[in-house]
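Enquirer: Starting off with a structure, shown below.
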Amino acid sequence: MPTHAVPLIRVLIVDDHAVVRAGLRMLIENQTGLTVVGEAGTGAEAVAAAARQQPNIILLDLALGAESGLDVLPELLVEAPEARVIVLTGLRETEVQHRAVRLGATGLVLKEQAAEDLLKAIRKVHAGEVWLDRAMTASVLTEMARARSIRHTDPEAAKIATLTEREREVIALLGEGLKNRQIARRLSISETTVRHHLTSIFSKLEVSDRLELLIYAFRHELTELPTPASAAAAPLGPHRAAAFA
């Protein structure tokens, strides 16, 4: 009687520590039905690997050196739309975990938990389930109810609530008149990552370009209007000149 091979669960590991990636690879590839299709140590590497490998599961650390996994999470889901993200983190801040779920993570495992928990999470999330502990589930449901209330009363507030902390930083620096290269230098990230952030911001706030974003940001206090003194002291970039024409 013919047997049919069960498709492997394809896993992408995103962690800025090579030793951690090596340990996770050994753990995962020692399991029947699981395989590691790629590793990444930075946000840019993760996005490229996700697009190239199209994994089923992405294990994402939230601390990627100078970057945050929260900033790259939406891009990963864009580049690998069939993938499910499991956050594997040592960070216990509730708000950070909430934000990861709001951005699309369907699993969260703390690094202090047993290896068996991670393996079980991979299989459960791949099967379509959500892997969160009971306290986190209750907290996320409360957060979602609050978000629905906000959307009902103020649709712009709902849009703004989807911005990550890094995206807010990019908007604030854009309001200072900085170009992509200067923003990248200030935040210690690549210009490519800045462009990814801007694409995500445009989509979330439903604006089409930098000028519209600046006007939106000033109107909703995401960045400050320059004072007359500072406006006179500093040369205006083309976008800022247009904004105040």
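Residues are referred to by chain and number: the chain letter is A, B, ... according to the order shown in the structure tokens, the number counts from 1 in that chain, and ligands are numbered separately from 1 in the order shown.
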Per DSSP on the backbone, what are the strand (DSSP E) residues of stretch 16-189 of chain A, as a PyMOL selection string?

Expert: chain A and resi 34-40+57-60+63-64+67-68+84-89+107-110

Enquirer: So that I can see what lies close to A:Thr162, please list as a list of chain:residue names the residues with an atom at most 10 Å from it, counting only C-alpha atoms and leaving out residues fewer than 6 positions away in the same chain.

Expert: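 Listing them by chain and then by number gives A:Arg99, A:Arg102, A:Leu103, A:Ala147, A:Ile201, A:Lys204, A:Leu205.
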
Enquirer: Neighbouring residues of A:Gly38 were defined as those with any atom within 10 Å, considering only C-alpha atoms; residues of the same chain fewer than 2 positions away were excluded. Please report them as a PyMOL selection string.

Expert: chain A and resi 10-14+21+25+35-36+40+45-46+49-50+52-55+58

Enquirer: Store the residues of this selection in a file with N, CA, C and O atoms, as an mmCIF file, in the first residue's frame.

Expert:
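Saved result, out_31.cif, follows:
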```cif
data_model
loop_
_atom_site.group_PDB
_atom_site.id
_atom_site.type_symbol
_atom_site.label_atom_id
_atom_site.label_comp_id
_atom_site.auth_asym_id
_atom_site.auth_seq_id
_atom_site.Cartn_x
_atom_site.Cartn_y
_atom_site.Cartn_z
ATOM 1 N N ARG A 10 8.556 24.114 7.120
ATOM 2 C CA ARG A 10 9.756 24.872 6.764
ATOM 3 C C ARG A 10 9.899 26.073 7.708
ATOM 4 O O ARG A 10 9.010 26.921 7.771
ATOM 5 N N VAL A 11 11.025 26.132 8.402
ATOM 6 C CA VAL A 11 11.221 27.129 9.457
ATOM 7 C C VAL A 11 12.359 28.077 9.094
ATOM 8 O O VAL A 11 13.431 27.640 8.654
ATOM 9 N N LEU A 12 12.110 29.367 9.277
ATOM 10 C CA LEU A 12 13.147 30.397 9.139
ATOM 11 C C LEU A 12 13.461 30.926 10.531
ATOM 12 O O LEU A 12 12.564 31.304 11.282
ATOM 13 N N ILE A 13 14.744 30.962 10.898
ATOM 14 C CA ILE A 13 15.184 31.426 12.216
ATOM 15 C C ILE A 13 15.738 32.836 12.089
ATOM 16 O O ILE A 13 16.651 33.079 11.296
ATOM 17 N N VAL A 14 15.199 33.771 12.877
ATOM 18 C CA VAL A 14 15.678 35.161 12.864
ATOM 19 C C VAL A 14 16.124 35.524 14.276
ATOM 20 O O VAL A 14 15.312 35.713 15.179
ATOM 21 N N ARG A 21 21.105 30.734 16.930
ATOM 22 C CA ARG A 21 20.599 30.187 15.664
ATOM 23 C C ARG A 21 21.077 28.751 15.461
ATOM 24 O O ARG A 21 20.311 27.883 15.040
ATOM 25 N N ARG A 25 18.690 25.497 15.191
ATOM 26 C CA ARG A 25 18.755 24.646 13.994
ATOM 27 C C ARG A 25 18.918 23.185 14.393
ATOM 28 O O ARG A 25 18.219 22.299 13.870
ATOM 29 N N THR A 35 12.112 21.228 9.252
ATOM 30 C CA THR A 35 13.384 21.539 8.621
ATOM 31 C C THR A 35 13.627 23.038 8.660
ATOM 32 O O THR A 35 12.679 23.829 8.607
ATOM 33 N N VAL A 36 14.882 23.434 8.783
ATOM 34 C CA VAL A 36 15.252 24.847 8.771
ATOM 35 C C VAL A 36 15.654 25.221 7.352
ATOM 36 O O VAL A 36 16.562 24.610 6.775
ATOM 37 N N ALA A 40 18.732 34.223 9.698
ATOM 38 C CA ALA A 40 18.991 35.647 9.475
ATOM 39 C C ALA A 40 19.349 36.287 10.811
ATOM 40 O O ALA A 40 18.796 35.924 11.857
ATOM 41 N N GLU A 45 18.237 40.944 6.353
ATOM 42 C CA GLU A 45 18.491 39.543 5.994
ATOM 43 C C GLU A 45 17.218 38.715 6.142
ATOM 44 O O GLU A 45 16.947 37.828 5.326
ATOM 45 N N ALA A 46 16.448 38.995 7.187
ATOM 46 C CA ALA A 46 15.218 38.239 7.438
ATOM 47 C C ALA A 46 14.205 38.449 6.321
ATOM 48 O O ALA A 46 13.577 37.492 5.845
ATOM 49 N N ALA A 49 15.397 36.628 3.219
ATOM 50 C CA ALA A 49 15.272 35.176 3.363
ATOM 51 C C ALA A 49 13.810 34.739 3.295
ATOM 52 O O ALA A 49 13.488 33.704 2.705
ATOM 53 N N ALA A 50 12.928 35.526 3.899
ATOM 54 C CA ALA A 50 11.499 35.192 3.857
ATOM 55 C C ALA A 50 10.979 35.212 2.425
ATOM 56 O O ALA A 50 10.227 34.326 2.005
ATOM 57 N N ARG A 52 12.730 34.802 -0.288
ATOM 58 C CA ARG A 52 13.389 33.766 -1.089
ATOM 59 C C ARG A 52 12.904 32.358 -0.736
ATOM 60 O O ARG A 52 12.635 31.540 -1.618
ATOM 61 N N GLN A 53 12.757 32.081 0.555
ATOM 62 C CA GLN A 53 12.479 30.710 1.000
ATOM 63 C C GLN A 53 10.993 30.410 1.202
ATOM 64 O O GLN A 53 10.608 29.246 1.211
ATOM 65 N N GLN A 54 10.165 31.435 1.391
ATOM 66 C CA GLN A 54 8.737 31.242 1.642
ATOM 67 C C GLN A 54 8.504 30.177 2.733
ATOM 68 O O GLN A 54 7.889 29.130 2.493
ATOM 69 N N PRO A 55 8.977 30.430 3.949
ATOM 70 C CA PRO A 55 8.835 29.443 5.025
ATOM 71 C C PRO A 55 7.392 29.326 5.493
ATOM 72 O O PRO A 55 6.564 30.198 5.227
ATOM 73 N N ILE A 58 8.107 31.387 10.870
ATOM 74 C CA ILE A 58 9.243 32.271 11.103
ATOM 75 C C ILE A 58 9.404 32.431 12.607
ATOM 76 O O ILE A 58 8.494 32.922 13.288
#
```

Enquirer: Take atom CA of A:Lys111 and atom CA of A:Leu88 and report the distance between them in Å, one decimal.

Expert: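 Interatomic distance here is 6.2 Å.
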
Enquirer: List as a PyMOL selection string the protein and nucleic acid residues near A:Glu67, meaning an atom at most 12 Å away when only C-alpha atoms are counted, but skip any in the same chain fewer than 2 places from it.

Expert: chain A and resi 15-16+41-44+46+61-65+69-73+165-167+184+187-190+193-194

Enquirer: Keeping only N, CA, C and O atoms, write the selected residues to a file as an mmCIF file, in the first residue's frame.

Expert:
```cif
data_model
loop_
_atom_site.group_PDB
_atom_site.id
_atom_site.type_symbol
_atom_site.label_atom_id
_atom_site.label_comp_id
_atom_site.auth_asym_id
_atom_site.auth_seq_id
_atom_site.Cartn_x
_atom_site.Cartn_y
_atom_site.Cartn_z
ATOM 1 N N ASP A 15 17.429 35.606 14.468
ATOM 2 C CA ASP A 15 18.015 35.936 15.770
ATOM 3 C C ASP A 15 19.390 36.513 15.515
ATOM 4 O O ASP A 15 20.104 36.037 14.629
ATOM 5 N N ASP A 16 19.765 37.544 16.270
ATOM 6 C CA ASP A 16 21.046 38.192 15.990
ATOM 7 C C ASP A 16 22.238 37.472 16.615
ATOM 8 O O ASP A 16 23.381 37.903 16.424
ATOM 9 N N GLY A 41 20.273 37.243 10.747
ATOM 10 C CA GLY A 41 20.694 37.925 11.959
ATOM 11 C C GLY A 41 20.273 39.375 12.021
ATOM 12 O O GLY A 41 20.432 40.026 13.055
ATOM 13 N N THR A 42 19.740 39.896 10.907
ATOM 14 C CA THR A 42 19.283 41.289 10.857
ATOM 15 C C THR A 42 17.909 41.346 10.198
ATOM 16 O O THR A 42 17.478 40.381 9.542
ATOM 17 N N GLY A 43 17.254 42.492 10.329
ATOM 18 C CA GLY A 43 15.953 42.666 9.702
ATOM 19 C C GLY A 43 16.019 42.531 8.197
ATOM 20 O O GLY A 43 15.176 41.859 7.585
ATOM 21 N N ALA A 44 17.010 43.157 7.575
ATOM 22 C CA ALA A 44 17.140 43.105 6.111
ATOM 23 C C ALA A 44 17.379 41.671 5.637
ATOM 24 O O ALA A 44 16.801 41.228 4.634
ATOM 25 N N ALA A 46 16.448 38.995 7.187
ATOM 26 C CA ALA A 46 15.218 38.239 7.438
ATOM 27 C C ALA A 46 14.205 38.449 6.321
ATOM 28 O O ALA A 46 13.577 37.492 5.845
ATOM 29 N N ASP A 61 13.130 36.691 16.888
ATOM 30 C CA ASP A 61 13.559 37.333 18.128
ATOM 31 C C ASP A 61 13.189 38.816 18.043
ATOM 32 O O ASP A 61 13.293 39.420 16.971
ATOM 33 N N LEU A 62 12.756 39.403 19.134
ATOM 34 C CA LEU A 62 12.367 40.817 19.115
ATOM 35 C C LEU A 62 13.559 41.745 19.306
ATOM 36 O O LEU A 62 13.450 42.942 19.044
ATOM 37 N N ALA A 63 14.685 41.236 19.769
ATOM 38 C CA ALA A 63 15.884 42.064 19.957
ATOM 39 C C ALA A 63 16.913 41.668 18.907
ATOM 40 O O ALA A 63 17.590 40.647 19.041
ATOM 41 N N LEU A 64 17.012 42.465 17.845
ATOM 42 C CA LEU A 64 17.943 42.183 16.748
ATOM 43 C C LEU A 64 19.040 43.238 16.745
ATOM 44 O O LEU A 64 19.121 44.079 15.853
ATOM 45 N N GLY A 65 19.870 43.232 17.762
ATOM 46 C CA GLY A 65 20.913 44.243 17.865
ATOM 47 C C GLY A 65 20.305 45.617 18.045
ATOM 48 O O GLY A 65 19.537 45.853 18.975
ATOM 49 N N GLY A 69 12.563 43.459 16.380
ATOM 50 C CA GLY A 69 11.815 42.527 15.557
ATOM 51 C C GLY A 69 10.433 43.033 15.222
ATOM 52 O O GLY A 69 9.849 42.645 14.203
ATOM 53 N N LEU A 70 9.891 43.921 16.063
ATOM 54 C CA LEU A 70 8.577 44.493 15.794
ATOM 55 C C LEU A 70 8.580 45.280 14.493
ATOM 56 O O LEU A 70 7.574 45.311 13.775
ATOM 57 N N ASP A 71 9.694 45.923 14.198
ATOM 58 C CA ASP A 71 9.759 46.751 12.990
ATOM 59 C C ASP A 71 9.771 45.914 11.719
ATOM 60 O O ASP A 71 9.287 46.350 10.671
ATOM 61 N N VAL A 72 10.335 44.720 11.800
ATOM 62 C CA VAL A 72 10.455 43.897 10.598
ATOM 63 C C VAL A 72 9.289 42.923 10.451
ATOM 64 O O VAL A 72 9.044 42.408 9.354
ATOM 65 N N LEU A 73 8.529 42.702 11.514
ATOM 66 C CA LEU A 73 7.453 41.699 11.487
ATOM 67 C C LEU A 73 6.455 41.927 10.348
ATOM 68 O O LEU A 73 6.149 40.993 9.592
ATOM 69 N N GLU A 165 6.773 51.633 17.262
ATOM 70 C CA GLU A 165 7.592 52.694 17.854
ATOM 71 C C GLU A 165 8.631 53.192 16.862
ATOM 72 O O GLU A 165 8.873 54.387 16.752
ATOM 73 N N ARG A 166 9.244 52.267 16.107
ATOM 74 C CA ARG A 166 10.248 52.684 15.134
ATOM 75 C C ARG A 166 9.633 53.509 14.015
ATOM 76 O O ARG A 166 10.227 54.487 13.540
ATOM 77 N N GLU A 167 8.424 53.147 13.582
ATOM 78 C CA GLU A 167 7.756 53.930 12.540
ATOM 79 C C GLU A 167 7.456 55.342 13.032
ATOM 80 O O GLU A 167 7.581 56.304 12.277
ATOM 81 N N ALA A 184 18.502 56.910 8.466
ATOM 82 C CA ALA A 184 19.171 55.627 8.667
ATOM 83 C C ALA A 184 20.342 55.773 9.622
ATOM 84 O O ALA A 184 20.532 54.956 10.539
ATOM 85 N N LEU A 187 19.152 56.369 13.274
ATOM 86 C CA LEU A 187 18.536 55.202 13.924
ATOM 87 C C LEU A 187 19.417 53.955 13.859
ATOM 88 O O LEU A 187 19.014 52.889 14.343
ATOM 89 N N SER A 188 20.607 54.085 13.235
ATOM 90 C CA SER A 188 21.536 52.961 13.098
ATOM 91 C C SER A 188 20.899 51.782 12.349
ATOM 92 O O SER A 188 21.019 50.619 12.762
ATOM 93 N N ILE A 189 20.196 52.103 11.263
ATOM 94 C CA ILE A 189 19.599 51.078 10.412
ATOM 95 C C ILE A 189 19.992 51.383 8.972
ATOM 96 O O ILE A 189 20.601 52.421 8.685
ATOM 97 N N SER A 190 19.663 50.497 8.050
ATOM 98 C CA SER A 190 20.016 50.706 6.648
ATOM 99 C C SER A 190 18.984 51.601 5.956
ATOM 100 O O SER A 190 17.841 51.718 6.416
ATOM 101 N N THR A 193 15.978 49.607 5.032
ATOM 102 C CA THR A 193 15.020 49.443 6.134
ATOM 103 C C THR A 193 14.175 50.701 6.300
ATOM 104 O O THR A 193 12.974 50.619 6.566
ATOM 105 N N VAL A 194 14.780 51.872 6.143
ATOM 106 C CA VAL A 194 14.013 53.125 6.208
ATOM 107 C C VAL A 194 12.931 53.127 5.146
ATOM 108 O O VAL A 194 11.776 53.487 5.412
#
```

Enquirer: Please extract the residues of stretch 76-213 of chain A with a backbone DSSP assignment of helix (DSSP H, G or I) and present them as number ranges by chain.

Expert: A: 76-79, 94-102, 115-126, 134-153, 155-161, 165-175, 180-187, 191-205, 210-213

Enquirer: Taking into account only C-alpha atoms, which residue in the set A:Val109, A:Leu27, A:Ile9, A:Val170 is nearest to A:Gln182?

Expert: A:Val170

Enquirer: One decimal, Å: what's the distance from atom CA of A:Gly175 over to atom CA of A:Tyr216, could you say?

Expert: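 Atom CA of A:Tyr216 lies at a distance of 10.6 Å from atom CA of A:Gly175.
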
Enquirer: If we count only C-alpha atoms, what is near A:Ala80 at a cut-off of 7 Å, once residues fewer than 2 positions away on the same chain are taken out, given as a PyMOL selection string?

Expert: chain A and resi 50-51+54+76-78+82-83

Enquirer: Restricting the calculation to only C-alpha atoms, which member of A:Glu206, A:Glu39, A:Glu116, A:Glu221 is positioned closest to A:Arg168?

Expert: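 The shortest atom-to-atom distance to A:Arg168 comes from A:Glu221.
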
Enquirer: So which residues touch stretch 126-129 of chain A within 9 Å, counting only C-alpha atoms, skipping near sequence neighbours fewer than 5 positions away, as a list of chain:residue names?

Expert: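 Here the qualifying residues turn out to be A:Ile9, A:Asn56, A:Ile57, A:Ala83, A:Arg84, A:Thr106, A:Gly107, A:Ala121.
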